[in-house]
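> Contents are compact mmCIF, C-alpha atoms; file name start.txt:
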# COMPACT_ATOMS: atom_id res chain seq x y z
CA MET A 1 136.21 148.11 162.49
CA MET A 2 132.91 147.45 160.76
CA GLU A 3 134.66 146.96 157.40
CA ALA A 4 137.10 144.49 158.97
CA ALA A 5 134.23 142.57 160.54
CA SER A 6 132.44 142.51 157.19
CA VAL A 7 135.53 141.05 155.48
CA VAL A 8 135.81 138.36 158.18
CA ASN A 9 132.14 137.47 157.81
CA ASN A 10 132.47 137.21 154.02
CA ARG A 11 135.43 134.90 154.40
CA GLU A 12 133.50 132.76 156.84
CA ARG A 13 130.69 132.48 154.30
CA LEU A 14 133.02 131.28 151.54
CA PRO A 15 132.41 127.61 150.70
CA SER A 16 134.97 125.14 151.93
CA ASP A 17 137.18 123.08 149.61
CA LEU A 18 134.90 120.09 150.20
CA GLN A 19 131.79 122.10 149.29
CA GLN A 20 133.49 123.41 146.16
CA MET A 21 134.56 119.89 145.26
CA VAL A 22 130.98 118.66 145.56
CA THR A 23 129.80 121.57 143.41
CA VAL A 24 132.37 120.81 140.70
CA ALA A 25 131.41 117.12 140.77
CA LYS A 26 127.68 117.96 140.64
CA TYR A 27 127.91 120.16 137.55
CA ASP A 28 130.32 117.77 135.85
CA VAL A 29 127.85 114.91 136.39
CA LEU A 30 125.08 117.05 134.91
CA LYS A 31 127.33 117.69 131.90
CA HIS A 32 127.88 113.94 131.48
CA LEU A 33 124.17 113.19 131.84
CA ARG A 34 123.42 115.54 128.94
CA SER A 35 126.23 114.25 126.73
CA LYS A 36 125.92 111.95 123.74
CA ARG A 37 128.73 109.85 125.17
CA LEU A 38 126.52 108.66 128.01
CA LEU A 39 123.74 107.88 125.57
CA GLY A 40 126.19 105.86 123.50
CA LEU A 41 127.32 103.96 126.58
CA VAL A 42 123.71 103.19 127.54
CA ILE A 43 123.04 101.88 124.03
CA LEU A 44 126.17 99.72 124.21
CA GLU A 45 125.07 98.30 127.56
CA ALA A 46 121.62 97.51 126.16
CA LEU A 47 123.16 95.76 123.14
CA LEU A 48 125.50 93.65 125.25
CA LEU A 49 122.73 92.66 127.65
CA GLY A 50 120.31 91.92 124.83
CA LEU A 51 122.75 89.87 122.76
CA THR A 52 124.08 87.92 125.73
CA PHE A 53 120.53 87.04 126.76
CA ALA A 54 118.90 86.48 123.37
CA LEU A 55 121.65 84.97 121.23
CA PRO A 56 121.82 81.59 123.04
CA LEU A 57 118.02 81.32 122.86
CA LEU A 58 118.02 82.09 119.14
CA LEU A 59 120.73 79.49 118.56
CA GLY A 60 118.80 76.89 120.53
CA VAL A 61 121.42 76.57 123.27
CA ASP A 62 119.98 75.25 126.52
CA PRO A 63 120.72 77.77 129.30
CA THR A 64 122.41 76.55 132.46
CA ASP A 65 120.41 76.34 135.68
CA ASP A 66 123.38 77.61 137.70
CA PRO A 67 122.92 81.36 138.45
CA ALA A 68 126.68 81.91 138.73
CA GLY A 69 127.33 80.19 135.41
CA TYR A 70 124.56 82.16 133.71
CA MET A 71 125.77 85.42 135.21
CA SER A 72 129.33 84.76 134.02
CA ALA A 73 128.25 85.36 130.43
CA PHE A 74 127.17 88.89 131.34
CA VAL A 75 130.21 89.55 133.53
CA SER A 76 132.58 88.63 130.69
CA TRP A 77 131.81 92.02 129.07
CA VAL A 78 132.37 94.15 132.15
CA GLU A 79 136.10 94.76 131.69
CA ILE A 80 135.48 96.14 128.21
CA LEU A 81 132.66 98.33 129.52
CA VAL A 82 134.96 99.76 132.19
CA ILE A 83 137.67 100.48 129.62
CA ILE A 84 135.21 102.25 127.33
CA GLY A 85 133.72 104.19 130.23
CA ALA A 86 137.14 105.28 131.51
CA THR A 87 138.15 106.32 128.00
CA MET A 88 135.00 108.31 127.29
CA PHE A 89 134.72 110.12 130.62
CA ALA A 90 138.30 110.28 131.93
CA GLY A 91 140.43 110.22 128.79
CA ASP A 92 139.97 113.93 128.04
CA ALA A 93 138.54 115.20 131.34
CA ILE A 94 141.48 117.50 132.02
CA VAL A 95 142.91 118.28 128.60
CA SER A 96 139.49 119.43 127.33
CA GLU A 97 139.59 122.38 129.74
CA PHE A 98 142.72 123.61 127.96
CA GLN A 99 141.83 122.63 124.41
CA SER A 100 138.32 124.13 124.47
CA ARG A 101 139.56 127.15 126.47
CA THR A 102 136.92 126.64 129.16
CA GLY A 103 139.76 126.96 131.63
CA TYR A 104 139.72 130.74 131.04
CA LEU A 105 136.32 130.79 132.71
CA LEU A 106 137.00 128.14 135.36
CA PHE A 107 140.53 128.79 136.60
CA PRO A 108 140.19 132.50 137.57
CA ASN A 109 137.49 131.56 140.09
CA PRO A 110 138.53 131.23 143.76
CA VAL A 111 138.71 127.43 143.49
CA LYS A 112 141.89 125.43 143.91
CA ARG A 113 142.96 123.38 140.93
CA SER A 114 143.25 120.35 143.20
CA THR A 115 139.59 120.84 144.14
CA ILE A 116 138.61 120.99 140.46
CA PHE A 117 140.68 117.90 139.70
CA VAL A 118 139.21 115.77 142.49
CA GLY A 119 135.68 117.01 141.79
CA LYS A 120 135.94 116.03 138.12
CA TYR A 121 137.40 112.65 139.10
CA LEU A 122 134.54 111.99 141.52
CA SER A 123 132.00 112.83 138.83
CA THR A 124 133.67 110.43 136.39
CA LEU A 125 133.81 107.73 139.02
CA GLY A 126 130.14 108.32 139.81
CA ILE A 127 129.17 107.83 136.15
CA ILE A 128 131.22 104.61 135.92
CA VAL A 129 129.72 103.22 139.14
CA LEU A 130 126.20 104.13 137.96
CA MET A 131 126.89 102.37 134.65
CA LEU A 132 128.03 99.22 136.47
CA VAL A 133 125.14 99.20 138.96
CA VAL A 134 122.62 99.43 136.11
CA TYR A 135 124.38 96.74 134.08
CA TYR A 136 124.69 94.29 136.98
CA GLY A 137 121.15 95.05 138.14
CA VAL A 138 119.61 94.27 134.75
CA ALA A 139 121.82 91.20 134.35
CA ALA A 140 120.83 89.91 137.79
CA ALA A 141 117.15 90.37 136.90
CA LEU A 142 117.61 88.37 133.69
CA VAL A 143 119.47 85.64 135.58
CA PHE A 144 116.68 85.42 138.13
CA ALA A 145 114.07 85.24 135.36
CA MET A 146 115.89 82.35 133.66
CA THR A 147 117.16 80.35 136.65
CA GLY A 148 114.83 81.38 139.47
CA GLY A 149 117.77 82.35 141.67
CA GLY A 150 120.76 84.60 142.09
CA THR A 151 124.32 84.53 143.35
CA LEU A 152 126.23 86.65 145.84
CA LEU A 153 129.27 86.31 143.58
CA SER A 154 127.72 88.86 141.20
CA LEU A 155 127.77 91.44 144.02
CA TYR A 156 131.45 90.72 144.68
CA SER A 157 132.13 91.02 140.97
CA MET A 158 130.37 94.38 140.82
CA LEU A 159 132.39 95.75 143.75
CA LEU A 160 135.62 94.58 142.11
CA ALA A 161 134.47 96.18 138.84
CA CYS A 162 133.93 99.49 140.67
CA ALA A 163 137.45 99.28 142.09
CA TYR A 164 138.81 98.54 138.61
CA GLY A 165 136.81 101.45 137.23
CA ALA A 166 138.30 103.78 139.87
CA ALA A 167 141.84 102.73 138.89
CA ALA A 168 141.17 102.93 135.14
CA ALA A 169 139.64 106.40 135.52
CA ALA A 170 142.64 107.57 137.57
CA LEU A 171 144.98 106.34 134.83
CA GLY A 172 142.84 108.18 132.27
CA PHE A 173 143.09 111.39 134.32
CA LEU A 174 146.89 111.06 134.44
CA ILE A 175 147.09 110.64 130.66
CA SER A 176 144.67 113.54 130.19
CA SER A 177 146.91 115.75 132.35
CA VAL A 178 149.90 115.04 130.12
CA PHE A 179 148.44 115.55 126.65
CA LYS A 180 147.65 118.83 124.88
CA GLY A 181 144.86 117.46 122.67
CA SER A 182 141.75 115.42 123.40
CA THR A 183 142.18 113.02 120.48
CA GLY A 184 145.63 111.84 121.50
CA SER A 185 144.58 111.53 125.14
CA LEU A 186 141.48 109.47 124.30
CA VAL A 187 143.38 107.20 121.90
CA LEU A 188 146.24 106.55 124.33
CA THR A 189 143.87 105.89 127.25
CA PHE A 190 141.95 103.33 125.21
CA PHE A 191 144.98 101.56 123.76
CA THR A 192 146.80 101.53 127.11
CA LEU A 193 143.91 99.72 128.76
CA PHE A 194 142.82 97.63 125.77
CA MET A 195 146.11 96.63 124.15
CA ILE A 196 149.36 97.83 125.76
CA LEU A 197 148.84 96.65 129.34
CA PRO A 198 147.14 93.36 128.29
CA MET A 199 150.04 92.67 125.93
CA ILE A 200 152.54 93.16 128.77
CA ALA A 201 150.46 90.86 130.96
CA GLN A 202 150.54 88.15 128.27
CA LEU A 203 154.29 88.37 127.63
CA LEU A 204 155.52 88.31 131.23
CA PRO A 205 154.40 84.71 131.98
CA ALA A 206 156.77 83.53 129.23
CA GLY A 207 159.58 84.55 131.58
CA SER A 208 157.81 82.99 134.60
CA ILE A 209 156.96 86.47 135.88
CA LYS A 210 153.53 86.96 137.38
CA PRO A 211 152.12 90.30 136.11
CA TRP A 212 150.51 91.11 139.45
CA PHE A 213 151.35 94.81 139.04
CA VAL A 214 149.62 95.22 135.65
CA LEU A 215 146.25 96.93 136.07
CA THR A 216 144.40 94.99 133.37
CA PHE A 217 145.70 91.69 134.79
CA CYS A 218 144.24 92.65 138.17
CA GLY A 219 140.97 93.51 136.42
CA HIS A 220 140.50 89.84 135.52
CA VAL A 221 139.30 89.23 139.10
CA ILE A 222 135.97 90.65 137.93
CA SER A 223 135.35 87.48 135.89
CA TYR A 224 137.38 84.95 137.88
CA ILE A 225 135.41 85.69 141.07
CA MET A 226 132.44 84.01 139.39
CA ILE A 227 134.34 80.68 139.31
CA SER A 228 134.00 78.45 142.36
CA PRO A 229 136.49 77.50 143.65
CA TYR A 230 138.61 80.47 142.68
CA PRO A 231 141.36 79.37 140.22
CA THR A 232 144.99 79.19 141.32
CA ASP A 233 148.27 79.48 139.43
CA LEU A 234 149.36 76.42 137.50
CA VAL A 235 152.25 75.40 135.26
CA ASP A 236 152.05 73.57 131.91
CA SER A 237 154.76 71.86 129.91
CA ILE A 238 155.06 72.54 126.19
CA SER A 239 156.93 69.97 124.11
CA LEU A 240 159.75 71.44 122.04
CA GLY A 241 160.69 68.11 120.42
CA ASN A 242 163.68 65.84 121.01
CA GLY A 243 162.45 65.18 124.52
CA GLU A 244 162.74 68.81 125.53
CA PHE A 245 159.98 70.71 127.30
CA MET A 246 159.34 74.32 128.23
CA GLU A 247 157.37 75.27 131.28
CA TYR A 248 154.70 77.90 130.87
CA TRP A 249 152.89 79.39 133.84
CA THR A 250 149.24 80.36 133.84
CA TYR A 251 148.75 83.03 136.46
CA TYR A 252 145.56 84.21 138.11
CA PRO A 253 145.29 87.49 140.03
CA ASP A 254 144.90 87.31 143.80
CA ILE A 255 141.82 89.17 144.98
CA GLY A 256 143.43 90.97 147.91
CA GLY A 257 146.60 91.77 146.01
CA SER A 258 144.63 93.03 143.02
CA LEU A 259 142.60 95.38 145.20
CA ALA A 260 145.84 96.72 146.69
CA VAL A 261 147.32 97.27 143.22
CA MET A 262 144.14 99.04 142.05
CA GLY A 263 144.31 101.28 145.12
CA GLY A 264 147.94 102.03 144.32
CA TYR A 265 147.03 103.02 140.77
CA VAL A 266 144.34 105.36 142.09
CA LEU A 267 146.66 107.09 144.56
CA ILE A 268 149.72 107.34 142.31
CA CYS A 269 147.90 108.33 139.12
CA LEU A 270 145.77 110.94 140.87
CA ALA A 271 148.78 112.40 142.70
CA LEU A 272 150.84 112.67 139.50
CA GLY A 273 147.88 113.92 137.46
CA MET A 274 147.04 116.58 140.05
CA TYR A 275 150.68 117.72 140.15
CA LEU A 276 150.79 118.09 136.35
CA PHE A 277 147.38 119.78 136.28
CA ARG A 278 148.44 122.38 138.85
CA ARG A 279 151.57 123.23 136.85
CA LYS A 280 149.90 123.30 133.45
CA GLU A 281 149.30 126.72 131.93
CA MET A 282 146.69 127.93 129.48
CA VAL A 283 148.26 128.57 126.08
CA SER A 284 146.54 130.88 123.63
Mind turning this structure into structure tokens?


Amino acid sequence: MMEAASVVNNRERLPSDLQQMVTVAKYDVLKHLRSKRLLGLVILEALLLGLTFALPLLLGVDPTDDPAGYMSAFVSWVEILVIIGATMFAGDAIVSEFQSRTGYLLFPNPVKRSTIFVGKYLSTLGIIVLMLVVYYGVAAALVFAMTGGGTLLSLYSMLLACAYGAAAAALGFLISSVFKGSTGSLVLTFFTLFMILPMIAQLLPAGSIKPWFVLTFCGHVISYIMISPYPTDLVDSISLGNGEFMEYWTYYPDIGGSLAVMGGYVLICLALGMYLFRRKEMVS
């Protein structure tokens, strides 16, 4: 009876899935904080902020007095920052456990693979959000120093950037769950977000199809939110000669619809990635 009671007490003392998830996320964040990748991202942020602020002054360009207009110059780099952040911290987050064989130490522990997966995703998302908060905070300080004011639109832009970062990281985790090597996973994550999806978003309007479902198209809300009033879809006519014209639509992402699409990417990519991760085996 005493042995049975001892077993029950030990089970009761075992950490819950949520506690284990927080532990995985905590140590993964510490790993990121010590990595050279984070240092590289910080240097990139500093360069973008410094060049955006100093280059117009060096060229003798008179800065605008409008805080939203001034902030737009900084916001124009955010989509690229998110893509780089998602590539660096999500692109090989799963495949590295198999390639570097660290899974032999991690997987035998009494921790569900789904807990490991979500914990690593939360740590990646935390790094991306921290990167964005620092970038927008410094940019807002520079805008205030130059214009004497600020704009609430920058806060909306930051929140949309965080949502975009969550979706981009989820896509990176899905790709990382499929590949067997870190290099291929990193390259595909970057080119999917930087070239493949944007190319699809540029080609679809030629057929009068709004690319509302393309993640990178939805990410444009980060910059467009800084424009007041918010732009709406419009159609242009291109002359083909002989009195013939071709209509070409210019589409802008809807804010609510884009948030819904980003949420869909997060749910679908994480569900598929977790399924693949749970079925994946260590190969010697």

> Go through A:Thr147, A:Thr23, A:Thr183, A:Ser96 and flag the residue nearest A:Pro63, using all atoms listed in the file for the distances.

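Once distances to A:Pro63 are computed over all atoms listed in the file, the minimum belongs to A:Thr147.
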
> Could you list, as a PyMOL selection string, every residue within 9 Å of A:Tyr164, counting all atoms listed in the file and ignoring same-chain residues fewer than 4 positions away?

chain A and resi 79+82+159-160+168-169+215-216+218-219+222+259+262-263

> Write out, as a PDB file, in the coordinates of the input, the residues just selected, with C-alpha atoms.


ATOM      1  CA  GLU A  79     136.100  94.760 131.690  1.00  0.00           C
ATOM      2  CA  VAL A  82     134.960  99.760 132.190  1.00  0.00           C
ATOM      3  CA  LEU A 159     132.390  95.750 143.750  1.00  0.00           C
ATOM      4  CA  LEU A 160     135.620  94.580 142.110  1.00  0.00           C
ATOM      5  CA  ALA A 168     141.170 102.930 135.140  1.00  0.00           C
ATOM      6  CA  ALA A 169     139.640 106.400 135.520  1.00  0.00           C
ATOM      7  CA  LEU A 215     146.250  96.930 136.070  1.00  0.00           C
ATOM      8  CA  THR A 216     144.400  94.990 133.370  1.00  0.00           C
ATOM      9  CA  CYS A 218     144.240  92.650 138.170  1.00  0.00           C
ATOM     10  CA  GLY A 219     140.970  93.510 136.420  1.00  0.00           C
ATOM     11  CA  ILE A 222     135.970  90.650 137.930  1.00  0.00           C
ATOM     12  CA  LEU A 259     142.600  95.380 145.200  1.00  0.00           C
ATOM     13  CA  MET A 262     144.140  99.040 142.050  1.00  0.00           C
ATOM     14  CA  GLY A 263     144.310 101.280 145.120  1.00  0.00           C
TER      15      GLY A 263
END

> Quick one: pull the distance between atom CA of A:Asp28 and atom CA of A:Ser185, Å, one decimal.

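Interatomic distance, atom CA of A:Asp28 to atom CA of A:Ser185: 18.9 Å.
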
> Do you know which residues are at most 8 Å from stretch 271-275 of chain A counting all atoms listed in the file, after dropping those on the same chain fewer than 4 positions away, and could you put them as a compact mmCIF listing (two decimals) with C-alpha atoms, in the coordinates of the input?


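Contents of the output file out.txt:
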# COMPACT_ATOMS: atom_id res chain seq x y z
CA ARG A 113 142.96 123.38 140.93
CA SER A 114 143.25 120.35 143.20
CA PHE A 117 140.68 117.90 139.70
CA PHE A 173 143.09 111.39 134.32
CA LEU A 174 146.89 111.06 134.44
CA ILE A 175 147.09 110.64 130.66
CA SER A 176 144.67 113.54 130.19
CA SER A 177 146.91 115.75 132.35
CA VAL A 178 149.90 115.04 130.12
CA LEU A 267 146.66 107.09 144.56
CA ARG A 279 151.57 123.23 136.85

> Interatomic distance between atom CA of A:Thr87 and atom CA of A:Gln202?

22.0 Å

> Write out as a list in words the residues lying within 9 Å of A:Ala68, counting only C-alpha atoms and excluding same-chain residues fewer than 4 positions away.

Ser72, Val143, Gly150, Thr151, Leu152, Leu153, Ser154, Met226, Ile227 and Ser228 of chain A

> Could you tell me how far atom CA of A:Leu270 sits from atom CA of A:Gly91, in Å to one decimal place?

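Straight-line distance from atom CA of A:Gly91 to atom CA of A:Leu270 works out to 13.2 Å.
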
> Which residue, A:Gly149, A:Leu59, A:Val187, A:Leu49, has the smallest gap to A:Tyr136 when you use only C-alpha atoms?

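Smallest separation from A:Tyr136 among the options: A:Leu49.
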
> Tell me which of A:Ala139, A:Leu132, A:Val214, A:Ile238 sits closest to A:Ala260, counting all atoms listed in the file.

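Looking at the shortest contact to A:Ala260, the residue is A:Val214.
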
> If I put a ball of radius 9 Å at (134.6, 104.1, 124.6) in the file's coordinates, which residues poke into it when counting all atoms listed in the file, written as a ChimeraX atom specification?

/A:37,40-41,80-89,186,190

> Those selected residues, please, written with C-alpha atoms and delivered as an mmCIF file, in the coordinates of the input.


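Generated output (selection_24.cif):
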data_model
loop_
_atom_site.group_PDB
_atom_site.id
_atom_site.type_symbol
_atom_site.label_atom_id
_atom_site.label_comp_id
_atom_site.auth_asym_id
_atom_site.auth_seq_id
_atom_site.Cartn_x
_atom_site.Cartn_y
_atom_site.Cartn_z
ATOM 1 C CA ARG A 37 128.730 109.850 125.170
ATOM 2 C CA GLY A 40 126.190 105.860 123.500
ATOM 3 C CA LEU A 41 127.320 103.960 126.580
ATOM 4 C CA ILE A 80 135.480 96.140 128.210
ATOM 5 C CA LEU A 81 132.660 98.330 129.520
ATOM 6 C CA VAL A 82 134.960 99.760 132.190
ATOM 7 C CA ILE A 83 137.670 100.480 129.620
ATOM 8 C CA ILE A 84 135.210 102.250 127.330
ATOM 9 C CA GLY A 85 133.720 104.190 130.230
ATOM 10 C CA ALA A 86 137.140 105.280 131.510
ATOM 11 C CA THR A 87 138.150 106.320 128.000
ATOM 12 C CA MET A 88 135.000 108.310 127.290
ATOM 13 C CA PHE A 89 134.720 110.120 130.620
ATOM 14 C CA LEU A 186 141.480 109.470 124.300
ATOM 15 C CA PHE A 190 141.950 103.330 125.210
#

> Which of these residues is nearest to A:Asp233, using all atoms listed in the file: A:Val261, A:Val75, A:Pro253, A:Glu247?

A:Pro253

> Which residue gives the smallest distance to A:Lys180 among A:Leu57, A:Leu51, A:Leu276, A:Leu122, with only C-alpha atoms counted?

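Selected residue with least distance to A:Lys180: A:Leu276.
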
> I need every residue sitting at most 12 Å from the point (152.3, 98.1, 127.6) (coordinates as in the file, only C-alpha atoms considered), written as a PyMOL selection string.

chain A and resi 188-204+211+213-217

> Using only C-alpha atoms, find the one residue out of A:Gly264, A:Pro56, A:Gly181, A:Gly69 that sits nearest to A:Val95.

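Smallest distance to A:Val95 is found for A:Gly181.
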
> So that I can see what lies close to stretch 119-121 of chain A, please list as a ChimeraX atom specification the residues with an atom at most 7 Å from it, counting only C-alpha atoms and leaving out residues fewer than 3 positions away in the same chain.

/A:21-22,24-25,28,115-116,124-125

> Taking 6 positions as the minimum chain separation for residues in the same chain, which residues sit within 8 Å of A:Tyr265 when counting only C-alpha atoms? Answer as a PyMOL selection string.

chain A and resi 167+170-171+215

> Could you add N, CA and C atoms to stretch 116-128 of chain A and give me the result as a PDB file, in the coordinates of the input?


ATOM      1  N   ILE A 116     139.214 121.253 141.774  1.00  0.00           N
ATOM      2  CA  ILE A 116     138.610 120.990 140.460  1.00  0.00           C
ATOM      3  C   ILE A 116     138.959 119.581 139.998  1.00  0.00           C
ATOM      4  N   PHE A 117     140.213 119.200 140.153  1.00  0.00           N
ATOM      5  CA  PHE A 117     140.680 117.900 139.700  1.00  0.00           C
ATOM      6  C   PHE A 117     139.934 116.767 140.402  1.00  0.00           C
ATOM      7  N   VAL A 118     139.878 116.834 141.728  1.00  0.00           N
ATOM      8  CA  VAL A 118     139.210 115.770 142.490  1.00  0.00           C
ATOM      9  C   VAL A 118     137.720 115.764 142.210  1.00  0.00           C
ATOM     10  N   GLY A 119     137.114 116.951 142.082  1.00  0.00           N
ATOM     11  CA  GLY A 119     135.680 117.010 141.790  1.00  0.00           C
ATOM     12  C   GLY A 119     135.356 116.365 140.452  1.00  0.00           C
ATOM     13  N   LYS A 120     136.170 116.632 139.434  1.00  0.00           N
ATOM     14  CA  LYS A 120     135.940 116.030 138.120  1.00  0.00           C
ATOM     15  C   LYS A 120     136.171 114.520 138.171  1.00  0.00           C
ATOM     16  N   TYR A 121     137.158 114.098 138.968  1.00  0.00           N
ATOM     17  CA  TYR A 121     137.400 112.650 139.100  1.00  0.00           C
ATOM     18  C   TYR A 121     136.208 111.972 139.764  1.00  0.00           C
ATOM     19  N   LEU A 122     135.679 112.581 140.819  1.00  0.00           N
ATOM     20  CA  LEU A 122     134.540 111.990 141.520  1.00  0.00           C
ATOM     21  C   LEU A 122     133.314 111.896 140.602  1.00  0.00           C
ATOM     22  N   SER A 123     133.129 112.886 139.750  1.00  0.00           N
ATOM     23  CA  SER A 123     132.000 112.830 138.830  1.00  0.00           C
ATOM     24  C   SER A 123     132.179 111.698 137.823  1.00  0.00           C
ATOM     25  N   THR A 124     133.396 111.529 137.319  1.00  0.00           N
ATOM     26  CA  THR A 124     133.670 110.430 136.390  1.00  0.00           C
ATOM     27  C   THR A 124     133.477 109.085 137.062  1.00  0.00           C
ATOM     28  N   LEU A 125     133.983 108.966 138.281  1.00  0.00           N
ATOM     29  CA  LEU A 125     133.810 107.730 139.020  1.00  0.00           C
ATOM     30  C   LEU A 125     132.333 107.445 139.283  1.00  0.00           C
ATOM     31  N   GLY A 126     131.571 108.493 139.573  1.00  0.00           N
ATOM     32  CA  GLY A 126     130.140 108.320 139.810  1.00  0.00           C
ATOM     33  C   GLY A 126     129.425 107.789 138.579  1.00  0.00           C
ATOM     34  N   ILE A 127     129.785 108.299 137.396  1.00  0.00           N
ATOM     35  CA  ILE A 127     129.170 107.830 136.150  1.00  0.00           C
ATOM     36  C   ILE A 127     129.523 106.365 135.909  1.00  0.00           C
ATOM     37  N   ILE A 128     130.793 105.990 136.139  1.00  0.00           N
ATOM     38  CA  ILE A 128     131.220 104.610 135.920  1.00  0.00           C
ATOM     39  C   ILE A 128     130.509 103.661 136.883  1.00  0.00           C
TER      40      ILE A 128
END
